[in-house]
Structure formats: C-alpha cells, structure tokens
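Shown next: run.cif, containing mmCIF, C-alpha atoms and all ligand atoms.
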data_input
loop_
_atom_site.label_atom_id
_atom_site.label_comp_id
_atom_site.auth_asym_id
_atom_site.auth_seq_id
_atom_site.Cartn_x
_atom_site.Cartn_y
_atom_site.Cartn_z
CA MET A 30 -9.27 26.40 50.67
CA ASN A 31 -6.75 25.17 48.12
CA VAL A 32 -5.96 21.50 47.61
CA PHE A 33 -3.04 20.04 45.69
CA ILE A 34 -3.81 16.95 43.60
CA ASN A 35 -1.05 15.26 41.63
CA GLY A 36 0.84 18.52 41.28
CA SER A 37 -2.09 20.83 40.42
CA THR A 38 -3.75 23.36 42.70
CA LYS A 39 -7.54 23.36 42.89
CA LYS A 40 -10.27 24.65 45.18
CA LEU A 41 -11.60 22.07 47.65
CA GLU A 42 -15.06 22.40 46.06
CA GLU A 43 -13.79 21.60 42.55
CA PRO A 44 -14.00 18.02 41.26
CA GLY A 45 -10.89 16.17 42.34
CA LEU A 46 -10.31 12.43 42.27
CA SER A 47 -12.17 9.95 40.08
CA LEU A 48 -14.92 7.69 41.46
CA THR A 49 -12.63 4.77 40.63
CA ASP A 50 -10.01 5.97 43.06
CA ARG A 51 -9.63 2.92 45.28
CA SER A 52 -9.61 4.95 48.51
CA TYR A 53 -13.24 5.79 47.69
CA LEU A 54 -14.18 2.23 46.68
CA PHE A 55 -12.09 0.09 49.02
CA GLY A 56 -10.42 2.40 51.55
CA ASP A 57 -7.20 1.72 49.60
CA GLY A 58 -5.24 4.75 50.72
CA VAL A 59 -2.77 5.81 53.38
CA TYR A 60 -2.31 9.23 54.94
CA GLU A 61 -0.42 11.49 57.29
CA VAL A 62 -1.31 14.50 59.40
CA VAL A 63 1.47 16.96 60.28
CA HIS A 64 1.23 19.93 62.66
CA ILE A 65 2.63 23.23 61.42
CA TYR A 66 3.73 25.56 64.22
CA ASN A 67 4.79 29.05 63.30
CA GLY A 68 5.36 28.14 59.64
CA LYS A 69 7.38 24.99 60.39
CA MET A 70 6.32 21.38 59.99
CA PHE A 71 6.85 19.64 63.35
CA MET A 72 8.59 16.24 63.21
CA TYR A 73 8.19 16.20 59.44
CA ASP A 74 10.89 13.57 58.84
CA GLU A 75 9.27 11.20 61.33
CA HIS A 76 5.88 11.61 59.61
CA MET A 77 7.40 10.96 56.19
CA GLU A 78 9.22 7.88 57.50
CA ARG A 79 5.93 6.54 58.85
CA LEU A 80 4.20 7.32 55.54
CA ASP A 81 6.92 5.37 53.75
CA ARG A 82 6.31 2.42 56.10
CA SER A 83 2.55 2.60 55.41
CA LEU A 84 3.14 2.76 51.64
CA LYS A 85 5.40 -0.28 51.77
CA ALA A 86 2.99 -2.22 54.01
CA VAL A 87 0.21 -1.87 51.42
CA HIS A 88 2.59 -2.58 48.49
CA TYR A 89 2.61 0.82 46.82
CA SER A 90 5.63 1.06 44.53
CA LEU A 91 5.93 4.78 45.00
CA ASP A 92 9.09 6.63 45.94
CA ILE A 93 8.56 8.67 49.12
CA GLU A 94 10.86 11.34 47.62
CA GLN A 95 8.22 11.97 44.95
CA VAL A 96 5.61 12.58 47.66
CA LYS A 97 7.98 14.85 49.59
CA GLN A 98 8.67 16.88 46.47
CA GLN A 99 4.95 17.58 46.06
CA VAL A 100 4.60 18.55 49.72
CA LYS A 101 7.55 20.94 49.32
CA THR A 102 6.04 22.60 46.25
CA PHE A 103 2.63 23.07 47.87
CA PHE A 104 4.15 24.23 51.17
CA GLN A 105 6.21 26.89 49.41
CA GLN A 106 3.15 27.98 47.49
CA GLU A 107 0.75 28.21 50.46
CA ARG A 108 3.17 29.18 53.28
CA PRO A 109 0.84 28.07 56.12
CA LEU A 110 1.55 29.37 59.63
CA GLU A 111 -0.66 27.57 62.18
CA ALA A 112 -2.17 24.66 60.31
CA SER A 113 -2.29 20.94 59.77
CA LEU A 114 -1.18 19.21 56.62
CA TYR A 115 -3.48 16.39 55.49
CA LEU A 116 -1.69 14.22 52.95
CA GLN A 117 -3.29 11.20 51.32
CA VAL A 118 -1.87 8.72 48.85
CA SER A 119 -4.29 6.35 47.16
CA ARG A 120 -4.39 3.86 44.32
CA HIS A 121 -6.56 4.00 41.24
CA ALA A 122 -7.14 1.68 38.33
CA GLY A 123 -10.02 3.13 36.27
CA VAL A 124 -12.40 0.25 37.02
CA ARG A 125 -14.00 -1.19 40.13
CA SER A 126 -12.39 -4.54 40.59
CA HIS A 127 -11.03 -5.94 43.83
CA TRP A 128 -7.67 -6.29 42.12
CA THR A 129 -6.49 -5.38 38.64
CA LYS A 130 -2.77 -5.16 38.16
CA ASP A 131 0.46 -4.45 40.05
CA PRO A 132 1.44 -1.66 40.28
CA MET A 133 -1.56 0.60 39.75
CA ASP A 134 -1.49 4.36 39.43
CA TYR A 135 -1.35 6.64 42.44
CA ASN A 136 -3.08 9.81 43.49
CA ILE A 137 -1.30 12.20 45.85
CA ALA A 138 -3.63 14.75 47.41
CA MET A 139 -3.12 17.26 50.22
CA TRP A 140 -4.32 20.44 51.89
CA PHE A 141 -3.47 22.72 54.78
CA LYS A 142 -6.25 23.31 57.31
CA PRO A 143 -5.95 26.20 59.78
CA ILE A 144 -5.64 25.11 63.42
CA ASP A 145 -7.34 26.96 66.29
CA MET A 146 -4.54 26.67 68.85
CA GLU A 147 -6.53 28.66 71.42
CA ALA A 148 -9.29 26.03 71.42
CA ILE A 149 -6.68 23.29 71.65
CA ARG A 150 -4.89 24.96 74.58
CA LEU A 151 -8.25 25.18 76.40
CA LYS A 152 -8.87 21.47 75.82
CA GLN A 153 -5.36 20.72 77.09
CA LYS A 154 -5.97 22.80 80.22
CA ASN A 155 -9.38 21.37 81.13
CA GLY A 156 -9.11 17.83 79.81
CA PHE A 157 -12.06 15.92 78.42
CA PRO A 158 -14.34 12.95 79.14
CA VAL A 159 -14.05 9.77 77.09
CA VAL A 160 -15.90 6.50 76.70
CA THR A 161 -14.54 3.01 76.18
CA ASP A 162 -15.56 0.90 73.22
CA ARG A 163 -14.77 -2.50 71.69
CA ASP A 164 -11.84 -2.46 69.32
CA VAL A 165 -13.40 -4.07 66.23
CA ARG A 166 -10.79 -2.82 63.71
CA TRP A 167 -8.68 -4.93 61.39
CA LYS A 168 -5.39 -6.15 62.84
CA PHE A 169 -2.94 -3.97 60.88
CA ARG A 170 -3.38 -0.75 62.82
CA PHE A 171 0.30 0.17 62.41
CA ILE A 172 -0.62 1.18 58.86
CA LYS A 173 -2.02 4.70 58.76
CA SER A 174 -4.81 3.66 56.44
CA VAL A 175 -7.83 5.74 55.44
CA SER A 176 -10.06 2.72 56.24
CA LEU A 177 -11.32 4.35 59.43
CA LEU A 178 -15.00 3.37 59.62
CA ALA A 179 -14.61 1.49 62.90
CA ASN A 180 -12.75 4.47 64.41
CA CYS A 181 -15.47 6.86 63.19
CA LEU A 182 -18.29 4.75 64.66
CA SER A 183 -16.54 4.57 68.03
CA LEU A 184 -16.10 8.35 68.00
CA ARG A 185 -19.80 8.65 67.15
CA LYS A 186 -20.58 6.67 70.29
CA ALA A 187 -18.39 9.05 72.31
CA LEU A 188 -19.97 12.21 70.89
CA LEU A 189 -23.51 10.90 71.51
CA GLN A 190 -22.54 10.68 75.18
CA ASN A 191 -21.04 14.19 75.15
CA CYS A 192 -17.53 12.77 75.27
CA ASN A 193 -14.61 13.67 73.03
CA GLU A 194 -12.80 10.42 72.37
CA ALA A 195 -13.30 6.65 72.65
CA ILE A 196 -10.61 4.44 74.12
CA LEU A 197 -10.59 1.11 72.33
CA ILE A 198 -10.39 -2.19 74.19
CA GLU A 199 -9.67 -5.63 72.77
CA ASP A 200 -12.11 -8.42 73.62
CA THR A 201 -9.29 -9.81 75.78
CA GLY A 202 -9.54 -6.65 77.94
CA GLU A 203 -6.33 -4.96 76.74
CA VAL A 204 -6.34 -1.26 75.91
CA THR A 205 -5.03 -0.48 72.44
CA GLU A 206 -5.45 3.24 71.64
CA GLY A 207 -8.02 5.96 70.99
CA THR A 208 -9.93 6.45 67.72
CA SER A 209 -7.35 9.07 66.72
CA SER A 210 -4.90 9.08 69.61
CA ASN A 211 -2.55 6.98 71.72
CA VAL A 212 -3.35 6.40 75.40
CA PHE A 213 -1.07 6.82 78.43
CA ILE A 214 -1.77 6.06 82.08
CA VAL A 215 0.15 7.12 85.17
CA LYS A 216 0.30 4.75 88.13
CA ASP A 217 2.55 5.33 91.13
CA ASN A 218 4.63 7.83 89.13
CA GLN A 219 5.24 5.31 86.36
CA LEU A 220 4.16 6.26 82.83
CA ILE A 221 2.59 3.32 81.01
CA THR A 222 1.55 3.14 77.37
CA THR A 223 0.72 0.29 75.00
CA HIS A 224 3.82 -1.03 73.27
CA GLU A 225 4.29 -0.67 69.52
CA GLY A 226 3.27 -3.44 67.17
CA GLU A 227 0.57 -4.28 64.63
CA HIS A 228 -2.13 -3.54 67.23
CA ILE A 229 -1.64 0.26 67.38
CA LEU A 230 -0.51 3.16 65.25
CA SER A 231 3.00 4.18 66.26
CA GLY A 232 2.09 7.75 67.09
CA ILE A 233 4.72 10.38 66.42
CA THR A 234 3.47 12.30 69.47
CA ARG A 235 3.54 9.10 71.56
CA LYS A 236 7.23 8.64 70.73
CA HIS A 237 8.03 12.28 71.44
CA VAL A 238 6.27 12.15 74.83
CA ILE A 239 8.14 8.96 75.76
CA ASP A 240 11.47 10.58 74.81
CA LEU A 241 10.68 13.74 76.81
CA ALA A 242 9.60 11.70 79.84
CA LYS A 243 12.72 9.51 79.77
CA LYS A 244 14.98 12.52 79.42
CA ASP A 245 13.30 13.94 82.51
CA GLY A 246 13.97 10.78 84.49
CA ILE A 247 10.38 9.52 84.46
CA GLU A 248 10.08 5.74 84.37
CA VAL A 249 8.31 4.69 81.17
CA VAL A 250 6.91 1.21 80.59
CA GLU A 251 5.62 0.17 77.18
CA ARG A 252 3.23 -2.74 77.59
CA PHE A 253 -0.39 -3.72 77.30
CA PHE A 254 -2.51 -2.56 80.21
CA SER A 255 -6.00 -3.70 81.03
CA LYS A 256 -9.28 -1.80 81.18
CA SER A 257 -9.25 -2.17 84.97
CA GLU A 258 -5.75 -0.61 85.14
CA LEU A 259 -7.07 2.21 82.97
CA MET A 260 -10.02 2.84 85.27
CA ASP A 261 -7.77 2.59 88.33
CA ALA A 262 -5.02 4.89 87.00
CA ASP A 263 -3.80 7.98 88.87
CA GLU A 264 -3.85 9.95 85.62
CA VAL A 265 -4.82 9.25 82.02
CA PHE A 266 -4.05 11.26 78.89
CA VAL A 267 -4.20 10.86 75.13
CA THR A 268 -1.79 12.15 72.50
CA ASN A 269 -1.92 13.06 68.85
CA THR A 270 -0.34 15.40 66.35
CA ILE A 271 -3.09 18.01 66.44
CA SER A 272 -3.87 18.15 70.16
CA GLU A 273 -0.47 17.10 71.63
CA ILE A 274 -1.37 15.92 75.16
CA VAL A 275 -4.96 16.04 76.44
CA PRO A 276 -5.85 14.96 79.98
CA VAL A 277 -8.69 12.47 80.34
CA ILE A 278 -10.86 13.50 83.29
CA LYS A 279 -13.68 10.95 83.07
CA ILE A 280 -14.05 7.48 81.57
CA ASP A 281 -17.54 6.01 81.14
CA ASP A 282 -18.84 8.35 83.87
CA ALA A 283 -16.08 7.43 86.37
CA PRO A 284 -13.89 10.43 87.27
CA ILE A 285 -10.13 10.13 86.77
CA HIS A 286 -7.91 12.09 89.18
CA ARG A 287 -11.09 13.53 90.77
CA GLY A 288 -12.14 14.88 87.36
CA THR A 289 -9.11 17.15 86.94
CA PRO A 290 -5.83 17.01 84.96
CA GLY A 291 -3.00 15.37 86.90
CA SER A 292 0.39 16.87 87.72
CA MET A 293 2.50 14.48 85.62
CA THR A 294 0.23 15.17 82.63
CA GLN A 295 0.64 18.92 83.14
CA HIS A 296 4.39 18.56 83.50
CA LEU A 297 4.61 16.62 80.22
CA GLN A 298 2.38 19.19 78.50
CA GLN A 299 4.81 21.94 79.52
CA MET A 300 7.82 19.95 78.30
CA PHE A 301 6.03 19.31 75.01
CA LYS A 302 5.27 23.01 74.57
CA ASP A 303 8.89 23.90 75.31
CA SER A 304 10.09 21.37 72.74
CA ILE A 305 8.20 23.07 69.92
CA SER A 306 9.93 26.43 70.01
N1 LIG A 401 -4.57 10.50 64.02
N2 LIG A 401 -3.80 6.31 66.77
C1 LIG A 401 -4.66 6.57 65.79
C2 LIG A 401 -5.65 5.54 65.40
C3 LIG A 401 -4.61 7.81 65.12
O1 LIG A 401 -5.45 8.05 64.11
C4 LIG A 401 -3.67 8.79 65.53
C5 LIG A 401 -3.55 10.13 64.87
C6 LIG A 401 -2.79 8.47 66.58
C7 LIG A 401 -1.72 9.43 67.06
O2 LIG A 401 -0.67 9.52 66.13
P1 LIG A 401 0.18 10.86 65.96
O3 LIG A 401 0.72 11.20 67.28
O4 LIG A 401 1.25 10.49 65.01
O5 LIG A 401 -0.75 11.93 65.44
C8 LIG A 401 -2.88 7.23 67.17
C9 LIG A 401 -4.53 11.71 63.23
C10 LIG A 401 -4.31 12.94 64.03
C11 LIG A 401 -5.75 11.77 62.35
O6 LIG A 401 -6.17 10.71 61.91
O7 LIG A 401 -6.25 12.86 62.05
#
Could you show the structure in this file as structure tokens?
Amino acid sequence: MNVFINGSTKKLEEPGLSLTDRSYLFGDGVYEVVHIYNGKMFMYDEHMERLDRSLKAVHYSLDIEQVKQQVKTFFQQERPLEASLYLQVSRHAGVRSHWTKDPMDYNIAMWFKPIDMEAIRLKQKNGFPVVTDRDVRWKFRFIKSVSLLANCLSLRKALLQNCNEAILIEDTGEVTEGTSSNVFIVKDNQLITTHEGEHILSGITRKHVIDLAKKDGIEVVERFFSKSELMDADEVFVTNTISEIVPVIKIDDAPIHRGTPGSMTQHLQQMFKDSIS
C-alpha cells in the first residue's frame, strides 16, 4: 500500500516519520477519515472544514489549502474506488521537549485503505452488541486528535466481551459517544442524540443523519441523554464515516428492540444509502 508523506510517495513498510514527530511522542496530531464511494470522496468539504477546526484548536499555523493540495495530488495519483482516506497532520521539532517553539514544523501523511462494503452492509443489516464504559477521555473531544488511548482501551473492553463498540458514559451518567462513533436513540418516534460541544466529536455522519431525518419529518432532539434512557430506548444506533449507520442490538447483555434492528434505524439506513448515489 502506498502512503504519501509531505508530498512524496512511499510504501507503508518504508521508514516514514521521525521518532521526534510529536504525534509519536505526545499524541500531538490531528486527523480525518473520509469515505470514498465509487471514486468520489463523500462529504469531503465537511471533513476538511472539521480538520481546519481541529488544526486551529491545537494552534497549528498551517493553511488547510496546503493540506487539500496534497490530498488532491495523491488522490489523482492513486484513483481509489471503494476506500477510506486516512489523513494525519502532526507537529515535529527534532527534539523531545514538551514545548520548543511556535510554530513548529508539520508532517502531512495519508493513505487510502480499501473498504469491504459487503462486510459493512452485513453489519448494518444485522446490527451488533456493544458495552458501556466510563468516559475517561480529556475534555476537548471536539478536536479530532490522534490521542486515542482511552478510546482504544474502551474498545478493547468491548472486544474482550465479543462486542463491537463501547458507548462512553460520563461519571454524571450522561452518554457522550462511542469510541469511534456517535450514538442515537429512538424513543416514542423521537430521534435523540447528544448535542454538539466540547464533550463529543461533531461527526460528519451524525450531522448528515440529522439532516436526512429532519427532511423526512422525523422529530430530532439534540441533548444529553442518560444511561437509563439508553437502556430503555426503543432503538439505538451508532454512526461513523466508515460504517454509516449500525443498529445496536444489545447493550451490556440487555437486548435492545428484542435484539433486532429497529424500523426507524432501517429507514434512516435506506435514506443514507440513497443520499450517496
Ligand atoms: N472516527 N466520535 C468519535 C470519537 C470518532 O472517532 C468518530 C469517527 C465519530 C464519528 O465521526 P464521523 O461521522 O465524522 O466519522 C464520532 C473515525 C471513523 C476513526 O477514528 O477512524
């Protein structure tokens, strides 16, 4: 697989970034993941706008246009069809020091990874079981930062219990999001999802699902909901760029919607699919 680092193409196995890249030392990097359907990047502008917000939030003085130019060059070179773009921007300074100077230098790295849409469609059809876990992350989750250790450890907990995602809960009992997804519940035909703010990543898929639902006349409420509302929901689903909408059929061993995908979830999945072509 080819990777593109600061304008040069390499093989993934070849040496890439220096050990003093701060994403390696301090998690000082931000990233984006974009879904490519049929050779087209889906909601690319929205992803680049969010990347720009992440860059600004961590004080990178880097023009987003420069990043976009590199994506364009690599995209034209690789011409991916069904794939995801992983794009990471990190800082480096040549030494390990908590801070050196402002601004530092930047590394822009990316690759396209093939996506198995058949496997994803199966997951969307059947749904998956999830666990709940404490949300122990830092408070700035609106930044799409590569500092994802807490997310990874919560996913580890899920996988050890043969589940596919962990839904994160604040110590106050409020649901934030999944380790790599946003969470929606359906109660009495109302669609509820955690409102935007520092406490969650503003998912591009989340926004798209809300827009589709509203256009279809579904009542959408953006607010915190509690773990007990989650467990008591008529339907639950999670969203992200790779998997779109995946029904949650079990949470911590308790079945949701009798362990099957719900009708509003399926309806939204169909609208999502239609919106791609
Ligand atoms: N993650 N919340 C978190 C913590 C995420 O990591 C993601 C996506 C989302 C959903 O955002 P979007 O709809 O824009 O993909 C919410 C990506 C897929 C990842 O880290 O690979």
Inset, instruction - Would you work out the distance separating CA of Lys168 (chain A) from CA of His228 (chain A), expressed in Å to one decimal? - result: 6.1 Å
Legend entry - Close residues to ligand LIG 401 (chain A) using all atoms listed in the file, limit 7 Å, as a PyMOL selection string: chain A and resi 62+206-211+229-235+268-271
Legend entry - Selected residue, from A:Asp57, A:Glu75, A:Glu147, A:Glu94, that lies nearest to Met133 (chain A) when counting all atoms listed in the file: A:Asp57
Legend entry - Residue contacts of Phe254 (chain A) (9 Å, all atoms listed in the file) excluding same-chain residues fewer than 3 positions away, as a PyMOL selection string: chain A and resi 202-205+214+221-223+257-259
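Each of A:Lys302, A:Lys256, A:His88, A:His286 was checked against Pro158 (chain A) using all atoms listed in the file; the smallest atom-to-atom distance is that of A:His286.
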